Amino acid sequence: MMSMKKRKMRYRPVGEPTELDLRIMELERKGAIVPTRELIKTPEQIEGIRRAGVVNTGVLDLVASEIKAGMSTLDIDRLCRDYCAAHGAVPACLGYEGFPMSVCTSINEVVCHGIPKATDMLREGDIVNVDFTTILDGYYADASRMFIIGSTTAAKEQLVRVTKECLEIGMEAARPWHDVHDIGRAIQRHADKYRYGVVRDLTGHGVGCDFHEDPEVLHFAVRKPGMILVPGMVFTIEPMINMGTWRVFIDEDDPFGWEVISGDERPSAQWEHTLLMTENGVEVLSH
Ligand code: MF3
Ligand code: CO
Ligand code: CO
């Protein structure tokens, strides 16, 4: 008898396979890219992530109520850090791969990962992204919002608005049992209408039991298939949309090598939610 190598299946149910397990295994047999069992959160894990999400949303609500011209980004860092500590949580960014602060504050042409500084004062007309990730009892929630300081130009206002629409359109495109890459196709289609650049070097990600898990959530269109989204998966969508080119570079002036700048140094915006996939689409766990 010919000895045949069995195809290695990625999905391994724990114990007797449930209906959900069987559906995933069937898709995998047909050649689909499926999540591992660990990416499908248990009800207990979902509750933990939900609680982390409540604190994380509280952090950004506090920033929303306090942020104004004349504040430094270091002031924002303190605000976030103290709120987090008062709620028994830990900022995931602090010390993460050498990141020196508790929150990312990215002003104007800074695409993401801006480092808070005493010398970075917020000024009238700035657009700033505040991105915070909370760890509560070992569970992670990750979200960011844009803030307009005072009033700004119509062009920057539109960028902030359309980027938020990109997130919302991405959320609608995220369907259970469909391809994660549907999200990026929908986002790219919307951004293209405005001739904006969709950043490709940074992506959304699975989240919840760790800071960055599978799958990679692309915000731009690709032809190849991606992972199937299954109820119980938790991930972010966090489009970074540039007014000009989609290209980005690392700021050479940043001694930590974290700050990402748009290629043409024109403004950039980003919005991020942590999302739970359900039987009927996504539920927001942190905004
Ligand atoms: N919060 C960012 C994200 O959305 C990651 C920031 S990593 C840090 O994935 F180290 F810069 F904080
Ligand atoms: Co994220
Ligand atoms: Co984030």
# chains A, B, ... in the order shown; residues from 1 in each chain; ligands from 1
>>> residues_around(residues="Glu238 (chain A)", least_positions_apart="4", cutoff="8 Å", atoms="only C-alpha atoms", output="short mmCIF file (atom, residue, chain, number, x, y, z; two decimals) with all heavy atoms, in the first residue's frame")
data_model
loop_
_atom_site.label_atom_id
_atom_site.label_comp_id
_atom_site.auth_asym_id
_atom_site.auth_seq_id
_atom_site.Cartn_x
_atom_site.Cartn_y
_atom_site.Cartn_z
N SER A 144 -8.59 53.66 19.13
CA SER A 144 -8.08 55.02 18.97
C SER A 144 -9.12 55.89 18.31
O SER A 144 -10.02 55.41 17.61
CB SER A 144 -6.78 55.03 18.16
OG SER A 144 -7.02 54.95 16.78
N LEU A 167 -13.57 53.08 8.70
CA LEU A 167 -13.71 52.10 9.79
C LEU A 167 -15.12 51.52 9.79
O LEU A 167 -15.30 50.29 9.88
CB LEU A 167 -13.38 52.76 11.14
CG LEU A 167 -13.74 51.96 12.39
CD1 LEU A 167 -13.09 50.58 12.39
CD2 LEU A 167 -13.32 52.73 13.66
N THR A 203 -1.27 47.26 9.98
CA THR A 203 -2.56 46.60 9.78
C THR A 203 -3.33 46.49 11.10
O THR A 203 -2.77 46.72 12.17
CB THR A 203 -2.34 45.16 9.26
OG1 THR A 203 -1.74 44.38 10.31
CG2 THR A 203 -1.44 45.13 8.02
N GLY A 204 -4.61 46.12 10.99
CA GLY A 204 -5.34 45.68 12.16
C GLY A 204 -4.88 44.28 12.53
O GLY A 204 -4.06 43.68 11.83
N HIS A 219 -6.13 46.86 5.44
CA HIS A 219 -7.09 47.93 5.16
C HIS A 219 -7.14 48.27 3.68
O HIS A 219 -7.84 49.18 3.28
CB HIS A 219 -6.76 49.17 5.99
CG HIS A 219 -6.71 48.91 7.46
ND1 HIS A 219 -5.55 48.99 8.20
CD2 HIS A 219 -7.69 48.53 8.32
CE1 HIS A 219 -5.82 48.68 9.46
NE2 HIS A 219 -7.09 48.39 9.56
N GLN A 270 -6.55 58.23 11.63
CA GLN A 270 -6.79 56.83 11.98
C GLN A 270 -7.89 56.73 13.04
O GLN A 270 -7.96 57.57 13.95
CB GLN A 270 -5.51 56.18 12.55
CG GLN A 270 -5.71 54.74 12.99
CD GLN A 270 -4.45 54.07 13.51
OE1 GLN A 270 -3.56 54.74 14.03
NE2 GLN A 270 -4.38 52.77 13.37
N TRP A 271 -8.74 55.71 12.88
CA TRP A 271 -9.71 55.36 13.92
C TRP A 271 -9.61 53.86 14.14
O TRP A 271 -9.44 53.12 13.18
CB TRP A 271 -11.15 55.68 13.48
CG TRP A 271 -11.48 57.14 13.38
CD1 TRP A 271 -11.22 57.96 12.31
CD2 TRP A 271 -12.15 57.96 14.36
NE1 TRP A 271 -11.69 59.23 12.58
CE2 TRP A 271 -12.27 59.25 13.82
CE3 TRP A 271 -12.67 57.70 15.64
CZ2 TRP A 271 -12.87 60.30 14.50
CZ3 TRP A 271 -13.28 58.76 16.31
CH2 TRP A 271 -13.38 60.04 15.75
N GLU A 272 -9.77 53.42 15.38
CA GLU A 272 -9.63 51.99 15.69
C GLU A 272 -10.66 51.53 16.72
O GLU A 272 -10.86 52.20 17.74
CB GLU A 272 -8.22 51.71 16.24
CG GLU A 272 -8.02 50.28 16.74
CD GLU A 272 -6.60 49.99 17.23
OE1 GLU A 272 -5.90 50.94 17.66
OE2 GLU A 272 -6.21 48.82 17.19
N HIS A 273 -11.28 50.40 16.45
CA HIS A 273 -12.14 49.73 17.43
C HIS A 273 -11.63 48.32 17.69
O HIS A 273 -11.07 47.69 16.79
CB HIS A 273 -13.58 49.56 16.90
CG HIS A 273 -14.37 50.81 16.77
ND1 HIS A 273 -13.97 52.03 17.26
CD2 HIS A 273 -15.59 51.02 16.21
CE1 HIS A 273 -14.91 52.94 17.00
NE2 HIS A 273 -15.90 52.35 16.36
#
>>> residues_near_ligand(ligand="ligand 3", cutoff="7 Å", atoms="only C-alpha atoms and all ligand atoms", output="list in words")
Asp131, Phe132, Thr133, Asp142, Ala143, Ser144 and Glu272 of chain A
>>> closest_residue(among="A:Pro176, A:Val130, A:Met227, A:Thr245", to="ligand 2", atoms="only C-alpha atoms and all ligand atoms")
A:Val130
>>> closest_atom_pairs(of="chain A", to="ligand 1", cutoff="9 Å", atoms="only C-alpha atoms and all ligand atoms", output="CSV")
residue,atom,partner,partner_atom_place_in_ligand_line,distance
A:Pro91,CA,ligand 1,12 (F),8.9
A:Ala92,CA,ligand 1,12 (F),7.0
A:Cys93,CA,ligand 1,12 (F),3.7
A:Leu94,CA,ligand 1,12 (F),6.7
A:Gly95,CA,ligand 1,10 (F),7.2
A:Tyr96,CA,ligand 1,10 (F),4.9
A:Glu97,CA,ligand 1,10 (F),6.3
A:Gly98,CA,ligand 1,10 (F),7.2
A:Phe99,CA,ligand 1,10 (F),4.6
A:Pro100,CA,ligand 1,10 (F),7.9
A:Met101,CA,ligand 1,12 (F),7.5
A:Ser102,CA,ligand 1,12 (F),7.1
A:Val103,CA,ligand 1,12 (F),6.2
A:Cys104,CA,ligand 1,12 (F),5.9
A:Cys112,CA,ligand 1,11 (F),7.8
A:His113,CA,ligand 1,11 (F),4.6
A:Gly114,CA,ligand 1,11 (F),7.5
A:Ile115,CA,ligand 1,11 (F),7.9
A:Asp131,CA,ligand 1,1 (N),5.4
A:Phe132,CA,ligand 1,1 (N),5.7
A:Thr133,CA,ligand 1,1 (N),5.7
A:Asp142,CA,ligand 1,1 (N),5.9
A:Ala143,CA,ligand 1,4 (O),6.7
A:Ser144,CA,ligand 1,4 (O),7.4
A:Leu202,CA,ligand 1,9 (O),8.4
A:Thr203,CA,ligand 1,9 (O),7.8
A:Gly204,CA,ligand 1,9 (O),6.7
A:His205,CA,ligand 1,9 (O),7.1
A:Val207,CA,ligand 1,9 (O),8.8
A:Phe211,CA,ligand 1,9 (O),7.3
A:His212,CA,ligand 1,9 (O),6.8
A:Thr236,CA,ligand 1,4 (O),7.6
A:Ile237,CA,ligand 1,4 (O),8.6
A:Glu238,CA,ligand 1,4 (O),6.8
A:Trp258,CA,ligand 1,11 (F),6.6
A:Glu259,CA,ligand 1,11 (F),8.2
A:Glu272,CA,ligand 1,4 (O),7.0
A:His273,CA,ligand 1,4 (O),8.9
>>> closest_residue(among="A:Val248, A:Ala32, A:Ala269, A:Val217", to="ligand 2", atoms="only C-alpha atoms and all ligand atoms")
A:Val217
>>> closest_residue(among="A:Asp126, A:Asp61, A:Glu38, A:Glu165", to="Glu213 (chain A)", atoms="only C-alpha atoms")
A:Glu38
>>> select_by_dssp(residues="region 23-136 of chain A", states="helix (DSSP H, G or I)", output="PyMOL selection string")
chain A and resi 23-29+37-39+43-66+73-86+96-98
>>> select_by_dssp(residues="region 53-221 of chain A", states="strand (DSSP E)", output="ChimeraX atom specification")
/A:90-91,104-107,110-112,127-136,139-148,197-198,204-206,213-217
>>> residues_around(residues="Gln158 (chain A)", least_positions_apart="6", cutoff="10 Å", atoms="only C-alpha atoms", output="list in words")
Lys164, Tyr194 and Met243 of chain A
>>> closest_residue(among="A:Asp75, A:Pro267, A:Pro35, A:Phe220", to="Ala155 (chain A)", atoms="only C-alpha atoms")
A:Pro267
>>> atom_distance(atom1="CA of Ala154 (chain A)", atom2="CA of Cys80 (chain A)")
29.4 Å
>>> closest_residue(among="A:Thr134, A:Thr73, A:Thr119, A:Gln188", to="ligand 2", atoms="only C-alpha atoms and all ligand atoms")
A:Thr134
>>> closest_residue(among="A:Ile76, A:Ile241, A:Ala221, A:Val234", to="ligand 2", atoms="only C-alpha atoms and all ligand atoms")
A:Val234
>>> residues_around(residues="Gly232 (chain A)", least_positions_apart="5", cutoff="10 Å", atoms="only C-alpha atoms", output="VMD selection string")
chain A and resid 39 to 43 45 to 46 176 275 to 279 282
>>> closest_atom_pairs(of="region 122-224 of chain A", to="region 24-27 of chain A", cutoff="12 Å", atoms="only C-alpha atoms", output="CSV")
residue,atom,partner,partner_atom,distance
A:Pro176,CA,A:Ile24,CA,11.6
A:Trp177,CA,A:Ile24,CA,8.9
A:His178,CA,A:Leu27,CA,10.9
A:Asp179,CA,A:Leu27,CA,11.8
>>> write_last_selection(atoms="N, CA, C and O atoms", output="compact mmCIF listing (two decimals), in the first residue's frame")
# COMPACT_ATOMS: atom_id res chain seq x y z
N PRO A 176 -19.53 37.19 9.50
CA PRO A 176 -19.13 35.86 9.96
C PRO A 176 -19.12 34.87 8.80
O PRO A 176 -19.99 34.95 7.93
N TRP A 177 -18.11 34.01 8.79
CA TRP A 177 -17.91 32.96 7.79
C TRP A 177 -17.47 33.53 6.44
O TRP A 177 -17.46 32.84 5.43
N HIS A 178 -17.10 34.82 6.43
CA HIS A 178 -16.55 35.42 5.21
C HIS A 178 -15.07 35.76 5.44
O HIS A 178 -14.54 35.65 6.53
N ASP A 179 -14.44 36.21 4.34
CA ASP A 179 -13.00 36.44 4.31
C ASP A 179 -12.64 37.78 4.99
O ASP A 179 -13.27 38.80 4.71
>>> decode(residues="region 2-39 of chain A", atoms="N, CA, C and O atoms", output="compact mmCIF listing (two decimals), in the first residue's frame")
# COMPACT_ATOMS: atom_id res chain seq x y z
N MET A 2 0.47 2.19 -0.79
CA MET A 2 1.22 3.45 -0.85
C MET A 2 1.01 4.22 0.47
O MET A 2 -0.11 4.30 0.96
N SER A 3 2.11 4.72 1.00
CA SER A 3 1.91 5.50 2.23
C SER A 3 1.66 6.95 1.85
O SER A 3 2.42 7.54 1.10
N MET A 4 0.57 7.47 2.34
CA MET A 4 0.22 8.85 1.99
C MET A 4 0.37 9.74 3.20
O MET A 4 -0.06 9.40 4.29
N LYS A 5 0.97 10.88 2.94
CA LYS A 5 1.12 11.86 4.01
C LYS A 5 -0.25 12.51 4.22
O LYS A 5 -0.88 12.94 3.25
N LYS A 6 -0.66 12.56 5.44
CA LYS A 6 -1.95 13.23 5.72
C LYS A 6 -1.72 14.73 5.72
O LYS A 6 -0.74 15.21 6.26
N ARG A 7 -2.66 15.46 5.13
CA ARG A 7 -2.57 16.92 5.18
C ARG A 7 -2.69 17.37 6.63
O ARG A 7 -3.56 16.91 7.37
N LYS A 8 -1.81 18.26 7.02
CA LYS A 8 -1.83 18.73 8.41
C LYS A 8 -2.94 19.76 8.57
O LYS A 8 -2.93 20.80 7.92
N MET A 9 -3.90 19.43 9.40
CA MET A 9 -5.00 20.36 9.62
C MET A 9 -4.63 21.33 10.74
O MET A 9 -4.07 20.95 11.74
N ARG A 10 -5.01 22.56 10.52
CA ARG A 10 -4.65 23.64 11.42
C ARG A 10 -5.63 23.69 12.58
O ARG A 10 -5.28 24.04 13.70
N TYR A 11 -6.85 23.28 12.31
CA TYR A 11 -7.90 23.43 13.32
C TYR A 11 -8.06 22.15 14.13
O TYR A 11 -8.33 21.08 13.57
N ARG A 12 -7.89 22.25 15.42
CA ARG A 12 -8.05 21.09 16.30
C ARG A 12 -9.03 21.41 17.41
O ARG A 12 -8.73 22.18 18.31
N PRO A 13 -10.23 20.81 17.33
CA PRO A 13 -11.20 21.08 18.39
C PRO A 13 -10.73 20.52 19.73
O PRO A 13 -9.93 19.58 19.75
N VAL A 14 -11.20 21.13 20.79
CA VAL A 14 -10.91 20.63 22.13
C VAL A 14 -12.08 19.72 22.51
O VAL A 14 -13.20 20.18 22.59
N GLY A 15 -11.77 18.43 22.71
CA GLY A 15 -12.82 17.48 23.07
C GLY A 15 -13.74 17.17 21.90
O GLY A 15 -13.35 17.30 20.73
N GLU A 16 -14.97 16.75 22.20
CA GLU A 16 -15.95 16.39 21.18
C GLU A 16 -16.25 17.61 20.30
O GLU A 16 -16.61 18.67 20.82
N PRO A 17 -16.10 17.50 18.96
CA PRO A 17 -16.31 18.68 18.10
C PRO A 17 -17.75 19.22 18.18
O PRO A 17 -18.70 18.45 18.14
N THR A 18 -17.86 20.52 18.33
CA THR A 18 -19.18 21.18 18.34
C THR A 18 -19.60 21.42 16.89
O THR A 18 -18.81 21.19 15.96
N GLU A 19 -20.80 21.96 16.72
CA GLU A 19 -21.28 22.28 15.38
C GLU A 19 -20.37 23.31 14.71
O GLU A 19 -20.08 23.24 13.53
N LEU A 20 -19.93 24.28 15.55
CA LEU A 20 -19.02 25.31 15.04
C LEU A 20 -17.71 24.68 14.58
O LEU A 20 -17.20 24.99 13.51
N ASP A 21 -17.16 23.76 15.40
CA ASP A 21 -15.92 23.07 15.04
C ASP A 21 -16.08 22.35 13.70
O ASP A 21 -15.21 22.45 12.83
N LEU A 22 -17.20 21.65 13.54
CA LEU A 22 -17.41 20.86 12.31
C LEU A 22 -17.49 21.76 11.09
O LEU A 22 -16.96 21.43 10.03
N ARG A 23 -18.13 22.90 11.27
CA ARG A 23 -18.24 23.84 10.15
C ARG A 23 -16.87 24.37 9.74
O ARG A 23 -16.57 24.51 8.55
N ILE A 24 -16.04 24.65 10.74
CA ILE A 24 -14.68 25.14 10.46
C ILE A 24 -13.85 24.04 9.77
O ILE A 24 -13.16 24.30 8.78
N MET A 25 -13.97 22.81 10.28
CA MET A 25 -13.18 21.71 9.71
C MET A 25 -13.58 21.43 8.27
O MET A 25 -12.74 21.11 7.42
N GLU A 26 -14.87 21.58 7.99
CA GLU A 26 -15.37 21.39 6.62
C GLU A 26 -14.79 22.46 5.69
O GLU A 26 -14.34 22.16 4.58
N LEU A 27 -14.79 23.70 6.15
CA LEU A 27 -14.21 24.79 5.35
C LEU A 27 -12.72 24.54 5.10
O LEU A 27 -12.21 24.78 4.01
N GLU A 28 -12.04 24.07 6.13
CA GLU A 28 -10.61 23.81 5.98
C GLU A 28 -10.35 22.70 4.97
O GLU A 28 -9.43 22.80 4.16
N ARG A 29 -11.19 21.65 5.01
CA ARG A 29 -11.05 20.57 4.04
C ARG A 29 -11.19 21.09 2.61
O ARG A 29 -10.57 20.61 1.68
N LYS A 30 -12.04 22.11 2.45
CA LYS A 30 -12.26 22.69 1.12
C LYS A 30 -11.16 23.68 0.71
O LYS A 30 -11.24 24.29 -0.34
N GLY A 31 -10.18 23.88 1.61
CA GLY A 31 -9.04 24.71 1.26
C GLY A 31 -9.04 26.12 1.83
O GLY A 31 -8.14 26.91 1.53
N ALA A 32 -10.05 26.45 2.64
CA ALA A 32 -10.09 27.80 3.21
C ALA A 32 -9.03 27.96 4.30
O ALA A 32 -8.61 26.98 4.92
N ILE A 33 -8.62 29.20 4.51
CA ILE A 33 -7.71 29.52 5.63
C ILE A 33 -8.59 29.75 6.85
O ILE A 33 -9.42 30.65 6.86
N VAL A 34 -8.43 28.91 7.85
CA VAL A 34 -9.30 29.01 9.04
C VAL A 34 -8.45 29.40 10.25
O VAL A 34 -7.24 29.21 10.25
N PRO A 35 -9.08 29.97 11.27
CA PRO A 35 -8.33 30.31 12.47
C PRO A 35 -7.92 29.05 13.23
O PRO A 35 -8.51 27.98 13.02
N THR A 36 -6.95 29.18 14.11
CA THR A 36 -6.69 28.10 15.06
C THR A 36 -7.76 28.17 16.15
O THR A 36 -8.44 29.18 16.30
N ARG A 37 -7.89 27.11 16.91
CA ARG A 37 -8.88 27.05 17.99
C ARG A 37 -8.69 28.19 19.00
O ARG A 37 -9.66 28.73 19.52
N GLU A 38 -7.42 28.56 19.25
CA GLU A 38 -7.12 29.59 20.27
C GLU A 38 -7.64 30.96 19.86
O GLU A 38 -7.82 31.84 20.71
N LEU A 39 -7.84 31.18 18.56
CA LEU A 39 -8.31 32.51 18.12
C LEU A 39 -9.81 32.67 18.35
O LEU A 39 -10.34 33.78 18.24
